[in-house]
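A short worksheet on the structure shown next.
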Amino acid sequence: MPGTLRVKVVEARNLPVMDRSAETTDAFVEIHFGGESYKTDICPKSLSPRWNSEWFVFEAEDHELQDECLQLRIMDYDIYSANDSIGRVYFDVNPLVEAAHRKITDIKDDRPAATWTHSADMIGWLPIYDTLNGHRGELRIEVQLELFADTNKLRESSCGVQVFVAGRVPPGQRLIEVHGLVHDLLTAGDPEYQWLDKIRTPRATNEARQALLRRLSSELTRKIGRKVLEMGANAVLGYRQCVDVEGEASDMLVVRAIGTAVTLIDETQTTVNRAPSPSSPNKAAHHR
């Protein structure tokens with residue numbers, strides 16, 4: 001189920017002063033997703049820059065959209081030295097993937113599945129965060145995702161699997177079957193530990209660890225979702241994730257997840273399916 005992710009950087013507000021002599025900031029934004037990167041133009045001498053950029057386009061498979069996080073790094077341009085980092089925005093694409101996937105599965109016409117496409121979008125202000133200085137303003141972006149249907153059952157996506165932290169059945173859903181526990185783990189080298197042997201700034205190390213934990217969390221959720229689908233279930237209840245530092249030198253991050261695979265159905269659909277027809281008064285009385 002390949003998808004096209006489009007990102008537009010509109011504006012920012014309440015940015016910190018980076019040029020003390022002029023009390024201004026020369027801001028631009030780096031946009032990263034997967035292995036691709038783009039940059040906006042520089043907006044000089046403004047704490048509320050407005051770029052209204054072109055659409056930056058990323059092509060990816062749906063499992064990549066589930067694993068990777070859209071990263072926007074707000075930078076201050078400097079002519080005579082290295083550009084300074086103002087902060088970052090991390091945007092989880094998963095809600096858009098799920099929204100577009102639900103629209104595709106709701107298609108009822110006779111077109112071949114391979115031609116089904118649907119999109120989801122978001123526009124709004126997101127906080128800019130720096131691991132050393134905290135909140136650094138807000139960034140307004142537009143994100144659009146177009147998802148193409150793919151009937152290949154061997155794909156690595158877990159689209160359609162609902163994940164609930166709560167251990168009870170959510171309102172509006174009915175529990176049909178409990179399939180059993182699902183669990184998995186992922187490991188990766190800890191950038192915080194590696195920093196001890198390399199010349200890296202604390203900010204770069206913190207950002208590397210933050211980005212790694214986000215990716216591991218998303219990838220692990222997707223792997224759990226794949227196991228749920230293989231069991232014939234469609235949801236996870238009581239989902240939990242935990243992060244540990246392990247290894248002989250405590251140089252490894254281990255992310256574990258566990259939950260209960262279940263089959264849920266929508267109560268509204270059940271009500272509609274069981275509603276008596278006007279020609280069956282006896283059944284109607286029974287349901288009342």
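The chains in the structure tokens are called A, B, ... from first to last as shown; in each chain the residues are counted from 1, and the ligands are counted from 1 in the order shown.
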message = Neighbouring residues of segment 65-82 of chain A were defined as those with any atom within 9 Å, considering only C-alpha atoms; residues of the same chain fewer than 3 positions away were excluded. Please report them as a ChimeraX atom specification.
response = /A:2-3,5,18-19,25-34,42,44,60-62,85-94,97,128,139,157-159,211,214-222
Could you take the residues named above and write them with C-alpha atoms, as a PDB file, in the first residue's frame?
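Result file follows (out.pdb):
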```
ATOM      1  CA  PRO A   2       2.341   2.760  -1.190  1.00  0.00           C
ATOM      2  CA  GLY A   3       1.578   6.320  -0.180  1.00  0.00           C
ATOM      3  CA  LEU A   5       3.220  12.223   1.841  1.00  0.00           C
ATOM      4  CA  MET A  18      19.162  33.996  18.019  1.00  0.00           C
ATOM      5  CA  ASP A  19      20.989  37.142  16.824  1.00  0.00           C
ATOM      6  CA  THR A  25      16.299  35.348  13.937  1.00  0.00           C
ATOM      7  CA  ASP A  26      17.027  34.225  10.360  1.00  0.00           C
ATOM      8  CA  ALA A  27      14.974  31.032  10.365  1.00  0.00           C
ATOM      9  CA  PHE A  28      14.594  28.204   7.895  1.00  0.00           C
ATOM     10  CA  VAL A  29      13.234  24.663   8.222  1.00  0.00           C
ATOM     11  CA  GLU A  30      14.734  21.301   7.325  1.00  0.00           C
ATOM     12  CA  ILE A  31      12.143  18.610   6.548  1.00  0.00           C
ATOM     13  CA  HIS A  32      13.190  14.966   6.999  1.00  0.00           C
ATOM     14  CA  PHE A  33      11.296  11.748   6.340  1.00  0.00           C
ATOM     15  CA  GLY A  34      12.932   8.381   5.796  1.00  0.00           C
ATOM     16  CA  ILE A  42      15.526  31.555   4.771  1.00  0.00           C
ATOM     17  CA  PRO A  44      15.450  36.914   7.490  1.00  0.00           C
ATOM     18  CA  ALA A  60       6.931   5.546   0.841  1.00  0.00           C
ATOM     19  CA  GLU A  61       5.371   2.159   1.549  1.00  0.00           C
ATOM     20  CA  ASP A  62       2.677   2.070   4.224  1.00  0.00           C
ATOM     21  CA  SER A  85      19.435  24.673  15.972  1.00  0.00           C
ATOM     22  CA  ILE A  86      16.317  26.341  17.364  1.00  0.00           C
ATOM     23  CA  GLY A  87      14.299  23.178  17.930  1.00  0.00           C
ATOM     24  CA  ARG A  88      12.421  20.312  16.341  1.00  0.00           C
ATOM     25  CA  VAL A  89       8.891  19.188  15.582  1.00  0.00           C
ATOM     26  CA  TYR A  90       8.083  15.481  15.433  1.00  0.00           C
ATOM     27  CA  PHE A  91       4.898  14.502  13.605  1.00  0.00           C
ATOM     28  CA  ASP A  92       3.499  10.962  13.825  1.00  0.00           C
ATOM     29  CA  VAL A  93       2.033  10.020  10.429  1.00  0.00           C
ATOM     30  CA  ASN A  94       0.151   6.989  11.816  1.00  0.00           C
ATOM     31  CA  VAL A  97      -2.383   6.358   7.619  1.00  0.00           C
ATOM     32  CA  ILE A 128       8.826  23.455  18.674  1.00  0.00           C
ATOM     33  CA  LEU A 139       5.301  25.863  13.781  1.00  0.00           C
ATOM     34  CA  SER A 157       1.767  -3.141   7.158  1.00  0.00           C
ATOM     35  CA  SER A 158      -0.552  -3.563  10.143  1.00  0.00           C
ATOM     36  CA  CYS A 159      -3.104  -1.000   8.943  1.00  0.00           C
ATOM     37  CA  ALA A 211      14.332   9.967  17.224  1.00  0.00           C
ATOM     38  CA  ARG A 214      10.160   7.097  18.421  1.00  0.00           C
ATOM     39  CA  ARG A 215      11.082   4.838  15.510  1.00  0.00           C
ATOM     40  CA  LEU A 216      11.477   1.750  17.694  1.00  0.00           C
ATOM     41  CA  SER A 217       8.130   2.409  19.365  1.00  0.00           C
ATOM     42  CA  SER A 218       6.307   2.749  16.038  1.00  0.00           C
ATOM     43  CA  GLU A 219       8.039  -0.250  14.464  1.00  0.00           C
ATOM     44  CA  LEU A 220       7.282  -2.434  17.495  1.00  0.00           C
ATOM     45  CA  THR A 221       3.607  -1.443  17.460  1.00  0.00           C
ATOM     46  CA  ARG A 222       3.468  -2.400  13.779  1.00  0.00           C
TER      47      ARG A 222
END
```
query = Can you list every residue in segment 59-246 of chain A that DSSP puts in helix (DSSP H, G or I), as an MDAnalysis selection string?
reply = chainID A and resid 62:67 94:105 113:115 191:197 202:230
Determine, counting only C-alpha atoms, which protein, DNA and RNA residues have an atom within 10 Å of an atom of segment 54-56 of chain A; residues of the same chain fewer than 4 positions away are not included. Present the result as an mmCIF file with all heavy atoms, in the first residue's frame.
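File selection-v3.cif, as written:
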```cif
data_model
loop_
_atom_site.group_PDB
_atom_site.id
_atom_site.type_symbol
_atom_site.label_atom_id
_atom_site.label_comp_id
_atom_site.auth_asym_id
_atom_site.auth_seq_id
_atom_site.Cartn_x
_atom_site.Cartn_y
_atom_site.Cartn_z
ATOM 1 N N LEU A 5 3.308 11.279 0.731
ATOM 2 C CA LEU A 5 3.220 12.223 1.841
ATOM 3 C C LEU A 5 3.660 13.598 1.346
ATOM 4 O O LEU A 5 4.760 13.735 0.795
ATOM 5 C CB LEU A 5 4.109 11.762 2.998
ATOM 6 C CG LEU A 5 4.086 12.606 4.277
ATOM 7 C CD1 LEU A 5 2.728 12.489 4.961
ATOM 8 C CD2 LEU A 5 5.205 12.178 5.216
ATOM 9 N N ARG A 6 2.801 14.597 1.532
ATOM 10 C CA ARG A 6 3.107 15.965 1.119
ATOM 11 C C ARG A 6 3.115 16.877 2.337
ATOM 12 O O ARG A 6 2.207 16.804 3.173
ATOM 13 C CB ARG A 6 2.084 16.464 0.096
ATOM 14 C CG ARG A 6 2.061 15.668 -1.200
ATOM 15 C CD ARG A 6 1.044 16.235 -2.184
ATOM 16 N NE ARG A 6 1.061 15.531 -3.462
ATOM 17 C CZ ARG A 6 0.339 14.448 -3.713
ATOM 18 N NH1 ARG A 6 -0.462 13.946 -2.787
ATOM 19 N NH2 ARG A 6 0.413 13.852 -4.890
ATOM 20 N N VAL A 7 4.131 17.737 2.407
ATOM 21 C CA VAL A 7 4.292 18.611 3.568
ATOM 22 C C VAL A 7 4.511 20.042 3.093
ATOM 23 O O VAL A 7 5.341 20.298 2.208
ATOM 24 C CB VAL A 7 5.489 18.174 4.438
ATOM 25 C CG1 VAL A 7 5.586 19.050 5.689
ATOM 26 C CG2 VAL A 7 5.375 16.702 4.815
ATOM 27 N N LYS A 8 3.774 20.971 3.683
ATOM 28 C CA LYS A 8 3.971 22.391 3.414
ATOM 29 C C LYS A 8 4.254 23.102 4.736
ATOM 30 O O LYS A 8 3.518 22.943 5.713
ATOM 31 C CB LYS A 8 2.727 23.008 2.755
ATOM 32 C CG LYS A 8 2.831 24.522 2.559
ATOM 33 C CD LYS A 8 1.552 25.119 2.008
ATOM 34 C CE LYS A 8 1.376 24.795 0.538
ATOM 35 N NZ LYS A 8 0.262 25.561 -0.079
ATOM 36 N N VAL A 9 5.336 23.875 4.766
ATOM 37 C CA VAL A 9 5.686 24.663 5.951
ATOM 38 C C VAL A 9 5.106 26.063 5.765
ATOM 39 O O VAL A 9 5.495 26.789 4.841
ATOM 40 C CB VAL A 9 7.209 24.733 6.137
ATOM 41 C CG1 VAL A 9 7.554 25.548 7.382
ATOM 42 C CG2 VAL A 9 7.807 23.339 6.222
ATOM 43 N N VAL A 10 4.162 26.428 6.616
ATOM 44 C CA VAL A 10 3.440 27.689 6.434
ATOM 45 C C VAL A 10 4.128 28.838 7.171
ATOM 46 O O VAL A 10 4.546 29.822 6.554
ATOM 47 C CB VAL A 10 1.976 27.554 6.918
ATOM 48 C CG1 VAL A 10 1.215 28.856 6.653
ATOM 49 C CG2 VAL A 10 1.294 26.387 6.206
ATOM 50 N N ILE A 31 13.209 19.608 6.473
ATOM 51 C CA ILE A 31 12.143 18.610 6.548
ATOM 52 C C ILE A 31 12.743 17.249 6.230
ATOM 53 O O ILE A 31 13.328 17.054 5.155
ATOM 54 C CB ILE A 31 10.995 18.928 5.570
ATOM 55 C CG1 ILE A 31 10.464 20.338 5.821
ATOM 56 C CG2 ILE A 31 9.861 17.918 5.713
ATOM 57 C CD1 ILE A 31 11.065 21.398 4.919
ATOM 58 N N HIS A 32 12.599 16.293 7.163
ATOM 59 C CA HIS A 32 13.190 14.966 6.999
ATOM 60 C C HIS A 32 12.104 13.895 7.123
ATOM 61 O O HIS A 32 11.272 13.951 8.033
ATOM 62 C CB HIS A 32 14.257 14.706 8.067
ATOM 63 C CG HIS A 32 15.337 15.731 8.136
ATOM 64 N ND1 HIS A 32 16.451 15.704 7.319
ATOM 65 C CD2 HIS A 32 15.476 16.828 8.924
ATOM 66 C CE1 HIS A 32 17.228 16.733 7.594
ATOM 67 N NE2 HIS A 32 16.659 17.432 8.567
ATOM 68 N N SER A 37 15.395 14.544 2.436
ATOM 69 C CA SER A 37 15.389 15.813 3.164
ATOM 70 C C SER A 37 15.148 16.969 2.201
ATOM 71 O O SER A 37 15.545 16.916 1.027
ATOM 72 C CB SER A 37 16.718 16.030 3.889
ATOM 73 O OG SER A 37 16.964 15.009 4.836
ATOM 74 N N TYR A 38 14.501 18.008 2.724
ATOM 75 C CA TYR A 38 14.288 19.247 1.969
ATOM 76 C C TYR A 38 14.564 20.428 2.904
ATOM 77 O O TYR A 38 14.643 20.263 4.129
ATOM 78 C CB TYR A 38 12.849 19.349 1.457
ATOM 79 C CG TYR A 38 12.450 18.289 0.452
ATOM 80 C CD1 TYR A 38 11.728 17.164 0.851
ATOM 81 C CD2 TYR A 38 12.762 18.434 -0.898
ATOM 82 C CE1 TYR A 38 11.345 16.197 -0.064
ATOM 83 C CE2 TYR A 38 12.380 17.477 -1.822
ATOM 84 C CZ TYR A 38 11.675 16.360 -1.403
ATOM 85 O OH TYR A 38 11.296 15.410 -2.312
ATOM 86 N N LYS A 39 14.684 21.624 2.299
ATOM 87 C CA LYS A 39 14.858 22.842 3.074
ATOM 88 C C LYS A 39 13.950 23.937 2.536
ATOM 89 O O LYS A 39 13.720 24.024 1.320
ATOM 90 C CB LYS A 39 16.311 23.343 3.008
ATOM 91 C CG LYS A 39 17.322 22.503 3.740
ATOM 92 C CD LYS A 39 18.703 23.145 3.644
ATOM 93 C CE LYS A 39 19.753 22.312 4.365
ATOM 94 N NZ LYS A 39 21.105 22.937 4.267
ATOM 95 N N THR A 40 13.452 24.764 3.433
ATOM 96 C CA THR A 40 12.711 25.942 2.997
ATOM 97 C C THR A 40 13.700 27.074 2.716
ATOM 98 O O THR A 40 14.904 26.964 2.989
ATOM 99 C CB THR A 40 11.736 26.415 4.090
ATOM 100 O OG1 THR A 40 12.491 26.902 5.215
ATOM 101 C CG2 THR A 40 10.821 25.299 4.541
ATOM 102 N N GLU A 142 1.100 22.058 7.014
ATOM 103 C CA GLU A 142 0.035 21.285 6.384
ATOM 104 C C GLU A 142 0.622 19.954 5.948
ATOM 105 O O GLU A 142 1.713 19.917 5.368
ATOM 106 C CB GLU A 142 -0.532 22.020 5.159
ATOM 107 C CG GLU A 142 -1.289 23.294 5.473
ATOM 108 C CD GLU A 142 -1.922 23.907 4.228
ATOM 109 O OE1 GLU A 142 -2.461 23.126 3.409
ATOM 110 O OE2 GLU A 142 -1.855 25.131 4.067
ATOM 111 N N VAL A 143 -0.087 18.878 6.250
ATOM 112 C CA VAL A 143 0.365 17.534 5.863
ATOM 113 C C VAL A 143 -0.779 16.829 5.151
ATOM 114 O O VAL A 143 -1.907 16.793 5.655
ATOM 115 C CB VAL A 143 0.805 16.714 7.098
ATOM 116 C CG1 VAL A 143 1.349 15.358 6.651
ATOM 117 C CG2 VAL A 143 1.856 17.462 7.900
ATOM 118 N N GLN A 144 -0.479 16.256 3.999
ATOM 119 C CA GLN A 144 -1.460 15.482 3.244
ATOM 120 C C GLN A 144 -0.876 14.104 2.942
ATOM 121 O O GLN A 144 0.309 13.978 2.617
ATOM 122 C CB GLN A 144 -1.814 16.171 1.921
ATOM 123 C CG GLN A 144 -2.534 17.493 2.071
ATOM 124 C CD GLN A 144 -2.871 18.118 0.732
ATOM 125 O OE1 GLN A 144 -2.457 17.628 -0.323
ATOM 126 N NE2 GLN A 144 -3.618 19.215 0.755
#
```
inquiry  = Using Å and a single decimal, report how far atom CA of Ala208 of chain A sits from atom CA of Asn133 of chain A.
reply    =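 According to the coordinates, atom CA of Asn133 of chain A and atom CA of Ala208 of chain A are separated by 16.1 Å.
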ask   = Any idea what the distance is between atom CA of Thr260 of chain A and atom CA of Gly232 of chain A?
value =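 For atom CA of Thr260 of chain A relative to atom CA of Gly232 of chain A, the distance reads 12.6 Å.
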message = Ranking A:Asp190, A:Glu59, A:Glu23, A:Asp84 by minimum distance to Val254 of chain A and counting only C-alpha atoms, which one comes first?
response = A:Asp190
key: Residue contacts of Thr131 of chain A (10 Å, only C-alpha atoms) excluding same-chain residues fewer than 3 positions away, as an MDAnalysis selection string   = chainID A and resid 87:88 134:135 202:207 210
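Within segment 175-242 of chain A, residues classed as strand (DSSP E) by DSSP on backbone coordinates are Leu175, Ile176, Glu177, Val178, His179, Gly180, Leu181, Val182, His183, Asp184, Leu185, Leu186, Thr187, Ala188, Gly189, Ala235, Val236, Leu237, Gly238, Tyr239, Arg240, Gln241 and Cys242 of chain A.
Here atom CA of Tyr129 of chain A is placed at a distance of 18.8 Å from atom CA of Thr24 of chain A.
Compared by their closest atoms to His183 of chain A, and using only C-alpha atoms, the residues A:Val228, A:Ile258, A:Ala166, A:Ala233 rank with A:Ile258 nearest.
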ask   = Skipping near chain neighbours, those fewer than 6 positions away, what residues fall within 12 Å of Ala22 of chain A using only C-alpha atoms, listed as a list in words?
value =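 Everything that qualifies: Pro44, Lys45, Ser46 and Leu47 of chain A.
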Selection: 6 Å around Thr4 of chain A, only C-alpha atoms, excl. self and same-chain fewer than 2 positions, as number ranges by chain = A: 58-59, 145-146
Distance criterion (only C-alpha atoms): nearest to Leu96 of chain A out of A:Ser48, A:Asn83, A:Ser250, A:Ser119 = A:Ser119
message = Set the distance at 12 Å and use only C-alpha atoms: which residues neighbour segment 168-181 of chain A once local chain neighbours fewer than 5 positions away are removed? I'd like the list as a PyMOL selection string.
response = chain A and resi 162-163+224+227-240+257-271
